[in-house]
Structures are given as structure tokens and as C-alpha cells.
Amino acid sequence: MKLFRMFSAGASGRHPVLTRPRQQVFLAQKISRRYCLAAVTLFAIQSVVALAGALDLVIPDLPSPIPFEFGRAIHLGFAVLWPLIGTMGMVYYFTAAELNREIFSPRLARWQFGVVLVFALSVYVTLSLRIGNGREYLEGMPALYLGIGLALLLAAYNLVRTLWADKHHITPAAAIMTVGILFLLILLLPNVLHYDNPTLDEAAKFWVVHLWEEMAFELTTAGFIATFFIVAGLAVREKVEKWLYLEAGLAVTGGLYSTGHHYFWIGVPSLWLVLGALISLLEVVPVVMLVQMTYVGLKSSKANNTTGIKSKREKLTLWLILSSLLYHVTGASVFGLMITVPWVNLYVHGTYTTSAHAHLALFGSMGFLVLAGCYYVLSRGSEPTQAGYKAGVLAVLLLNIGLIGMGTALLVAGFLQTYLWRVLGRDFMQVSLLLTPYLLARVLAGGMFALGDFLLIWQIYAAWWRTRKNPS
Amino acid sequence: MPIGGKNYVRIIPLVIPAIGSGGTLKLRSFLILSAFSLVLFVAVTLLSAHSPVPISLQAAAGKRVWQRHNCVSCHTLFGNGGYVGEDLTNIVTKVNPPQLVQYLVQPPVMRPNRYRHHPALNRTEAENVVSYLEYVHTIPTLGWPPQPEKAGDEP
Ligand code: HEM
Ligand code: HEM
């Protein structure tokens, strides 16, 4: 407690900031830039690692300093941690914007950044040295996830204190982002333990793999989207706020019990087949609400030229958000629901079909959104040039084409695997050899994706560079 | 619902002082709903993950070997993991345990590579990990993996 008081001593949590005018840049928003910069950088590196891994699957005897099993682990470490770091930055940025005041302790937020970066990098370094803990998605040593947990604890404390400072003016968006961070923390902690019981081990792992992605991050990104839509004039605050807690409540209950669709075959009672299948339907409702809100917003902004989006910066952000919505609907919801049907899941489970869904949903809906947030945060105070904007749009296009290409290739591979191996019962290795052309197509599409990745990151860096002195 | 009922009572005193009064009623219901759902969810998960047969010491040691060597990157257990190698949930019914140990101690070249071998383990590690795979096989998985159609069933 003393330690926290020390951190907050210099913080201006309460009175004077409340009276400052709008459009002010808060320290929290400057600090959030580091998080976003780190996140997009890790995303760029992820593509390189991923391409190497994908090549390894199609070129026999490919020499590599890191064996495939640890390379894949690093790829998954990226997939989990860069969206987390970006989210931390976005939550600070948009919480300050929503409440129109400084966060409780900017100093704590700076320390938190150091902590999360050090531990995330440690995960990648130790895995490169072939030191790990072999739980899929959380392959790093458990102590390192304790470090990530510490960063989340700092974030949660800082945010709760921020809201607490003025309890009567908590906006729904700020509140659900804070609850999202709390959930990230609570769900990660059981994963620093060791479990001898493999069923419990799998279950706890899905509290991160499923509940981070489909529940906690849904809360933080819903807060971001709401704020963005209000600021960009795509939605009216009263209307958004009316629905936000309901949407969040559905995301939480739906998210929690639909974890059942990952429990199906890990050794739990059949209750979970029913629960997982039925509650997964509920998971789709918040997505429908989000799409509806966007549709209405875009339609009214088209109809009314004075409120429509004018700034190129907001337009590029919107392209990224719209991409995310596309995969929210397709790769996550429709495809997700199809493979949730227990009779379907029985056959497709554990084939490349899962990998197709994983890429389309995880990058498609979460990745695009975190990129949207990070771009918005890092470009504050500067408009892209015409050429920069065009390059940005091209990057978004390349990412989309690459992702759809990868998804389709994996889907075909998964379908073949399901039919030949699971349905007809042919030998696993024989079927695997037949998949090479599709895995090759995945590499090509992955290359396209990586190009889009680098181009976008280039634009984001440029925006960061232009605004580094004075992001106002 | 005895679990739910009890937990609910325990949550209320935690949640109520945590929120200010007035104006934030919807936030409060959201928080109560979230906390209640989470506790109930965790409780039901813990109850249903309870395993009928306790794991032996050797199998538990084997699980650590499995994790240390990151086997899950290439193989699935219960269908969760990588897709390079075959699912190993029921591998002990296809290959007998001494053969499995032998495979891991003196690993062969992996098709379609011409030089790259399967990662190797020492004998103790191999015996432990095979004991773990024997244990995994005993866990009831609600009928997964599916039984393939037999040849001849096809029209
Ligand atoms: C250049 C782009 C990418 C390529 C070539 C690529 C390639 C791969 C490869 C080779 C694997 C392991 C084998 C497999 O499961 O198919 C994999 C797994 C995975 N990747 Fe990627 N990846 C890319 C981008 C991404 C991104 C951006 C994300 C998320 C942010 C992501 C998330 C995942 C996940 C979650 C898995 C595990 C899938 C599962 O277990 O079913 N990947 N990827
Ligand atoms: C933002 C939304 C989503 C994300 C980020 C996401 C991500 C993922 C990931 C990474 C996996 C792979 C897990 C593994 O390797 O074991 C997965 C599997 C799965 N997801 Fe999603 N998902 C999303 C939405 C949904 C929705 C809405 C549904 C259904 C309503 C769904 C149903 C499933 C099912 C059934 C599996 C297991 C596939 C198997 O049996 O192997 N997902 N998801």
C-alpha cells in the first residue's frame, strides 16, 4: 500500500484537472503511445516468425536456429501478448478521453509499461533458448506470466482508483474497459500454477485462450469503439450508453459459459456439450448489436454531410474497425457457430479447420481492432498526407486479402483432413502429405499479409514520428 | 442451485461498497451480474474437471516432460495442440508402450524430411511421458475422437 502511495504522490487524480477545458492531452494519453508503439512493433515481428514457421511446414529439412516447436510457441506468445499491450495503451488513452481528466497515477502507468514489456520480451527470449512450459498459447515459464499479471494488477489498481476519484461521473465506456482489465487479471492468475490434472489444465488454459479474447478484450474494445463512434460523430452518446451495459453484460455471461465449446472433449461431463452449444448463441448477440450500431451510424453520416467523417485519420481508423467487424461477423460468429455444433465439432476439432477459425477470428476481429486503436492513439495531432492515407488503405486491403487467403487455404486443408482422416479413417500422415499444396498457398497468402503488416506499421511509425514532440 | 445461491450471498457485500450510490445503478447490476457469473462458472468448472482416477506419480512426472519439451506444438491431446503430428490421446491403443518408449529414445527420421529426426528423450523421460499418455487414454472424452466409417460402409 505504501508503495502505491509513493507512486500516486505525484499524480494529480482529483480536483484541478476536472476544470480543464476539452481537447486537452493528458499524461495518460502520452504514456499510452509507448504501449501502442510496442504492440505494433511486436505485430510486425510476429509476421516474420509466422512466415518462417509456415515455410517450415512445407519445406522438408528447412534449417532453422529455432526448432518448429519453439517457433510456434513464440508465434502464439505474440498472438496473445501484443494485443494485450496495445489494449493496455488504448484503455489508458480512452479512459482519460472519456472521463476528460487525468488517470490516477501516470507514474504507475509508466512502470507498468516497463514491467509488461520486460516480461513479454522474456517470454520470447526464453522460448528461443528452448526454455518453456509447454502449455499451448502460454508456452513461456509460469513466473513470466506472473510478471504479466503484475502489470495487469498495476493497470487494474490505477484504473479503479481513477474511476473512484469521481464516482458520480463514471461513463459506461470507461467502466467496462476497467472491468475488462480486471477480468484479464483474474483469468490469467490461475495460469501461473501447475496442474497435474490434464482436464483442469486445459480448462484453465482456455480461461486465457477463450475468455481473454472473447470476453475481456470484447469489453475493452467495446469501450474503444463506443468512444470512437461518439467522437467521430457516428453515434450519439445517449444512444450508445443506453445499450453499453446490456451489451457488456451479455458479453460477460455469454463469453463465460460459451467456454463450454472448448471443454467438449477434455474430460468434463456432458452438461458442457449443452451449455457450450446453447450459450454460444448468446455470444453472437453483442456482435449483432455492434453491427447494427455501425450501420445506423454510417447511414446517418452519409445522409448528413455535416456530421460525417471528414478527417483522413478517422477514416483510416474506420477502415480498420470495419475490417474487424467483417471478421466479427464471418470468421468469428458465423464460422464459430458452425464449428460449435457438437456433431460438427466432433469431426473438425483438432484439424486445420480450427487454425482457420483461429486466424480469422483472433487476428480478424481482435487484431484489426487493436491496430485501429493503436493507429488512432499514435496519430493524434496529425493528419496523414494523401499518399500516406492511400498507403494505409492499401495496407488494410493487403491484410484483408492475405487473411482471407490464409483462412481459405487452411479451411480447405481442414476440410480435407476432416473428411479423409476423421470421416474415412485414412492414415494421419498420408493425409497430412496431401495437404502440402494448401499449406503452400497459406505461405503465399501469409506473405501478402506480412506485406500489408509492414506497410501499415510503416504508416503508423510515420504518424508516431510526426507527433512525437507534441501530440496535441 | 446450492453453489450459486451461496456464492451470490458472498458477493453482495463485496460489490455494494465498491460502487458509489446514485446514478450508477446500471453499473452496479452489471458488476453483480459479472461477479456472480464468474464465480458460478469457476465453481462448475472445478467440479466438472474432477478426475475419477487420480494421476500416478510417474504419469505426473511425464506430464512435466510433455510440457518441458513442448510436445503440444506438434501434437494434440484431446484435440488441442499443433497439427504436424498425430493426435496422441489414444496413441497407446495403436502402439504399445514399450514400442513408444523405444520410438522416443531412438527417434526415426520424420517423413517427409530426409534428415530431421523426431526430438529425442532419455529413457526415464520417455517412460514417464508414456505413462502420462497411458493416463490420458483413461480419461473419458464423451465419444471423441469419432469412430471413422469402416471401409465397405460406403455405397
Ligand atoms: C503472416 C501471417 C501468419 C502466418 C503465415 C501464420 C502461420 C501460422 C502457423 C504456421 C501456425 C502453426 C500451425 C497451424 O496451426 O496452422 C499458426 C498458428 C496460429 N497462429 Fe498464425 N500466422 C500468421 C499470422 C497470425 C496472426 C496475425 C495471429 C494473431 C494475432 C495468428 C494467430 C495464430 C494462432 C492463434 C495459431 C494457433 C492456431 C490453432 O491452434 O489452431 N497468426 N500460424
Ligand atoms: C472474437 C471472437 C473470437 C476469437 C478471437 C476466437 C478465437 C479462437 C481461437 C484462437 C481458437 C483456437 C483455440 C485452440 O487452438 O484450441 C478458437 C476455437 C474455437 N472457437 Fe473461437 N473465437 C472467436 C469467436 C468465436 C465464436 C463467436 C464462436 C461460436 C459461437 C467460436 C467457436 C469456437 C469453437 C467451437 C472453437 C474450437 C474449435 C475446435 O474444436 O478445435 N469462436 N477460437
# chains A, B, ... in the order shown; residues from 1 in each chain; ligands from 1

call {"tool": "residues_near_ligand", "arguments": {"ligand": "ligand 1", "cutoff": "6 Å", "atoms": "only C-alpha atoms and all ligand atoms", "output": "list in words"}}
result
Ser47, Ala50, Leu51, Gly53, Ala54, Arg72, Leu76, Ala79, Thr354, Ser355, Ala358, His359, Leu362, Phe363, Gly367, Val443, Gly446, Gly447, Phe449 and Ala450 of chain A; Gly81 and Gly82 of chain B

call {"tool": "residues_around", "arguments": {"residues": "region 121-135 of chain B", "least_positions_apart": "5", "cutoff": "9 Å", "atoms": "only C-alpha atoms", "output": "ChimeraX atom specification"}}
result
/B:53,55-56,58-66,69,88-93,97-98,100-107

call {"tool": "interface_residues", "arguments": {"of": "chain B", "to": "chain A", "cutoff": "6 Å", "atoms": "only C-alpha atoms", "output": "PyMOL selection string"}}
result
chain B and resi 20+30+48-49+60+67-68+70+73+78-80+113+116+139-141+148-149

call {"tool": "residues_around", "arguments": {"residues": "Ala156 (chain A)", "least_positions_apart": "5", "cutoff": "12 Å", "atoms": "only C-alpha atoms", "output": "NGL selection string"}}
result
:A and (88 or 91-92 or 103-105 or 108-109 or 112 or 149-151 or 161-164 or 175-186)

call {"tool": "select_by_dssp", "arguments": {"residues": "region 28-177 of chain A", "states": "alpha helix (DSSP H)", "output": "number ranges by chain"}}
result
A: 28-58, 68-99, 106-128, 142-164, 172-177

call {"tool": "closest_atom_pairs", "arguments": {"of": "chain A", "to": "ligand 2", "cutoff": "8 Å", "atoms": "only C-alpha atoms and all ligand atoms", "output": "tab-separated table"}}
result
residue	atom	partner	partner_atom_place_in_ligand_line	distance
A:Glu136	CA	ligand 2	15 (O)	7.7
A:Phe206	CA	ligand 2	16 (O)	7.9
A:Val209	CA	ligand 2	10 (C)	6.3
A:His210	CA	ligand 2	8 (C)	6.4
A:Glu213	CA	ligand 2	5 (C)	4.9
A:Glu214	CA	ligand 2	2 (C)	5.0
A:Glu218	CA	ligand 2	1 (C)	7.2
A:Ser258	CA	ligand 2	30 (C)	7.5
A:His261	CA	ligand 2	35 (C)	4.9
A:His262	CA	ligand 2	37 (C)	5.6
A:Ala277	CA	ligand 2	30 (C)	7.9
A:Ser280	CA	ligand 2	30 (C)	4.4
A:Leu281	CA	ligand 2	30 (C)	5.8
A:Leu282	CA	ligand 2	30 (C)	7.9
A:Glu283	CA	ligand 2	27 (C)	5.8
A:Val284	CA	ligand 2	27 (C)	5.8
A:His328	CA	ligand 2	1 (C)	6.0
A:Gly331	CA	ligand 2	24 (C)	7.6
A:Ala332	CA	ligand 2	24 (C)	4.0
A:Ser333	CA	ligand 2	27 (C)	3.9
A:Val334	CA	ligand 2	30 (C)	7.2
A:Phe335	CA	ligand 2	28 (C)	7.2
A:Gly336	CA	ligand 2	28 (C)	3.5
A:Leu337	CA	ligand 2	30 (C)	3.9
A:Met338	CA	ligand 2	29 (C)	7.3
A:Ile339	CA	ligand 2	35 (C)	4.9
A:Thr340	CA	ligand 2	35 (C)	3.8
A:Val341	CA	ligand 2	35 (C)	7.4
A:Asn345	CA	ligand 2	40 (O)	5.3
A:Leu346	CA	ligand 2	40 (O)	7.4
A:Val348	CA	ligand 2	40 (O)	6.4
A:His349	CA	ligand 2	40 (O)	3.7
A:Gly350	CA	ligand 2	41 (O)	4.8
A:Thr351	CA	ligand 2	41 (O)	6.8
A:Thr353	CA	ligand 2	41 (O)	7.3
A:Thr354	CA	ligand 2	41 (O)	4.6
A:Ser355	CA	ligand 2	12 (C)	6.5
A:His357	CA	ligand 2	43 (N)	6.1
A:Ala358	CA	ligand 2	10 (C)	3.9
A:His359	CA	ligand 2	10 (C)	6.9
A:Leu360	CA	ligand 2	4 (C)	8.0
A:Ala361	CA	ligand 2	4 (C)	4.3
A:Leu362	CA	ligand 2	5 (C)	3.5
A:Phe363	CA	ligand 2	5 (C)	7.0
A:Gly364	CA	ligand 2	5 (C)	7.7
A:Ser365	CA	ligand 2	1 (C)	5.2
A:Met366	CA	ligand 2	1 (C)	5.9

call {"tool": "select_by_dssp", "arguments": {"residues": "region 25-151 of chain B", "states": "strand (DSSP E or B)", "output": "mmCIF file with all heavy atoms, in the first residue's frame"}}
result
data_model
loop_
_atom_site.group_PDB
_atom_site.id
_atom_site.type_symbol
_atom_site.label_atom_id
_atom_site.label_comp_id
_atom_site.auth_asym_id
_atom_site.auth_seq_id
_atom_site.Cartn_x
_atom_site.Cartn_y
_atom_site.Cartn_z
ATOM 1 N N THR B 76 -1.667 -32.966 -30.715
ATOM 2 C CA THR B 76 -2.789 -32.588 -29.876
ATOM 3 C C THR B 76 -3.016 -33.652 -28.802
ATOM 4 O O THR B 76 -2.689 -34.827 -28.983
ATOM 5 C CB THR B 76 -4.086 -32.463 -30.702
ATOM 6 O OG1 THR B 76 -4.264 -33.645 -31.471
ATOM 7 C CG2 THR B 76 -4.027 -31.289 -31.644
ATOM 8 N N LEU B 77 -3.555 -33.217 -27.666
ATOM 9 C CA LEU B 77 -4.166 -34.115 -26.694
ATOM 10 C C LEU B 77 -5.594 -33.612 -26.568
ATOM 11 O O LEU B 77 -5.796 -32.392 -26.477
ATOM 12 C CB LEU B 77 -3.468 -34.021 -25.332
ATOM 13 C CG LEU B 77 -2.122 -34.723 -25.173
ATOM 14 C CD1 LEU B 77 -1.624 -34.566 -23.738
ATOM 15 C CD2 LEU B 77 -2.202 -36.203 -25.527
ATOM 16 N N ASN B 80 -6.416 -30.656 -28.743
ATOM 17 C CA ASN B 80 -5.874 -29.309 -28.587
ATOM 18 C C ASN B 80 -4.360 -29.331 -28.709
ATOM 19 O O ASN B 80 -3.690 -30.028 -27.951
ATOM 20 C CB ASN B 80 -6.253 -28.738 -27.225
ATOM 21 C CG ASN B 80 -7.736 -28.535 -27.094
ATOM 22 O OD1 ASN B 80 -8.412 -28.185 -28.064
ATOM 23 N ND2 ASN B 80 -8.268 -28.776 -25.908
ATOM 24 N N GLY B 81 -3.854 -28.546 -29.666
ATOM 25 C CA GLY B 81 -2.409 -28.510 -29.866
ATOM 26 C C GLY B 81 -2.100 -28.265 -31.327
ATOM 27 O O GLY B 81 -2.899 -27.686 -32.058
ATOM 28 N N VAL B 109 13.754 -40.728 -38.483
ATOM 29 C CA VAL B 109 13.596 -39.550 -39.327
ATOM 30 C C VAL B 109 12.101 -39.330 -39.540
ATOM 31 O O VAL B 109 11.342 -40.286 -39.670
ATOM 32 C CB VAL B 109 14.299 -39.781 -40.684
ATOM 33 C CG1 VAL B 109 13.884 -38.719 -41.696
ATOM 34 C CG2 VAL B 109 15.806 -39.778 -40.489
ATOM 35 N N HIS B 117 15.272 -35.674 -37.500
ATOM 36 C CA HIS B 117 14.680 -36.710 -36.651
ATOM 37 C C HIS B 117 13.626 -36.119 -35.725
ATOM 38 O O HIS B 117 13.629 -34.928 -35.442
ATOM 39 C CB HIS B 117 15.774 -37.362 -35.793
ATOM 40 C CG HIS B 117 16.715 -38.223 -36.565
ATOM 41 N ND1 HIS B 117 16.626 -39.588 -36.591
ATOM 42 C CD2 HIS B 117 17.750 -37.903 -37.357
ATOM 43 C CE1 HIS B 117 17.571 -40.075 -37.360
ATOM 44 N NE2 HIS B 117 18.281 -39.068 -37.845
#

call {"tool": "residues_around", "arguments": {"residues": "Gly297 (chain A)", "least_positions_apart": "2", "cutoff": "9 Å", "atoms": "only C-alpha atoms", "output": "VMD selection string"}}
result
chain A and resid 229 233 to 236 292 to 295 299 to 302

call {"tool": "write_last_selection", "arguments": {"atoms": "N, CA, C and O atoms", "output": "short mmCIF file (atom, residue, chain, number, x, y, z; two decimals), in the first residue's frame"}}
result
data_model
loop_
_atom_site.label_atom_id
_atom_site.label_comp_id
_atom_site.auth_asym_id
_atom_site.auth_seq_id
_atom_site.Cartn_x
_atom_site.Cartn_y
_atom_site.Cartn_z
N PHE A 229 -16.84 6.07 -31.94
CA PHE A 229 -18.06 6.41 -32.69
C PHE A 229 -18.65 7.74 -32.22
O PHE A 229 -19.14 8.52 -33.02
N GLY A 233 -18.59 11.25 -34.50
CA GLY A 233 -19.91 11.68 -34.93
C GLY A 233 -20.71 10.58 -35.61
O GLY A 233 -21.66 10.84 -36.34
N LEU A 234 -20.33 9.32 -35.37
CA LEU A 234 -21.08 8.22 -35.98
C LEU A 234 -22.23 7.76 -35.08
O LEU A 234 -23.08 7.00 -35.52
N ALA A 235 -22.19 8.20 -33.83
CA ALA A 235 -23.26 7.77 -32.93
C ALA A 235 -23.47 8.83 -31.87
O ALA A 235 -22.57 9.62 -31.59
N VAL A 236 -24.66 8.82 -31.31
CA VAL A 236 -25.00 9.79 -30.28
C VAL A 236 -24.71 9.16 -28.93
O VAL A 236 -25.04 8.00 -28.69
N GLN A 292 -25.29 -3.39 -35.92
CA GLN A 292 -26.46 -2.53 -36.09
C GLN A 292 -26.10 -1.07 -35.80
O GLN A 292 -26.43 -0.16 -36.56
N MET A 293 -25.35 -0.86 -34.71
CA MET A 293 -24.95 0.49 -34.33
C MET A 293 -24.09 1.12 -35.45
O MET A 293 -24.29 2.28 -35.83
N THR A 294 -23.18 0.35 -35.98
CA THR A 294 -22.31 0.85 -37.04
C THR A 294 -23.10 1.20 -38.28
O THR A 294 -22.90 2.25 -38.90
N TYR A 295 -24.02 0.30 -38.63
CA TYR A 295 -24.81 0.51 -39.84
C TYR A 295 -25.60 1.80 -39.74
O TYR A 295 -25.56 2.65 -40.65
N LYS A 299 -24.98 5.16 -42.00
CA LYS A 299 -26.06 5.62 -42.86
C LYS A 299 -26.40 7.08 -42.56
O LYS A 299 -26.52 7.91 -43.46
N SER A 300 -26.47 7.39 -41.28
CA SER A 300 -26.85 8.77 -40.94
C SER A 300 -25.71 9.73 -41.27
O SER A 300 -25.95 10.88 -41.61
N SER A 301 -24.47 9.25 -41.20
CA SER A 301 -23.37 10.17 -41.51
C SER A 301 -23.27 10.40 -43.02
O SER A 301 -22.85 11.45 -43.48
N LYS A 302 -23.69 9.41 -43.81
CA LYS A 302 -23.75 9.61 -45.26
C LYS A 302 -24.83 10.62 -45.61
O LYS A 302 -24.64 11.51 -46.43
#

call {"tool": "residues_around", "arguments": {"residues": "region 122-125 of chain A", "least_positions_apart": "5", "cutoff": "8 Å", "atoms": "only C-alpha atoms", "output": "PyMOL selection string"}}
result
chain A and resi 74+77+140-141+144
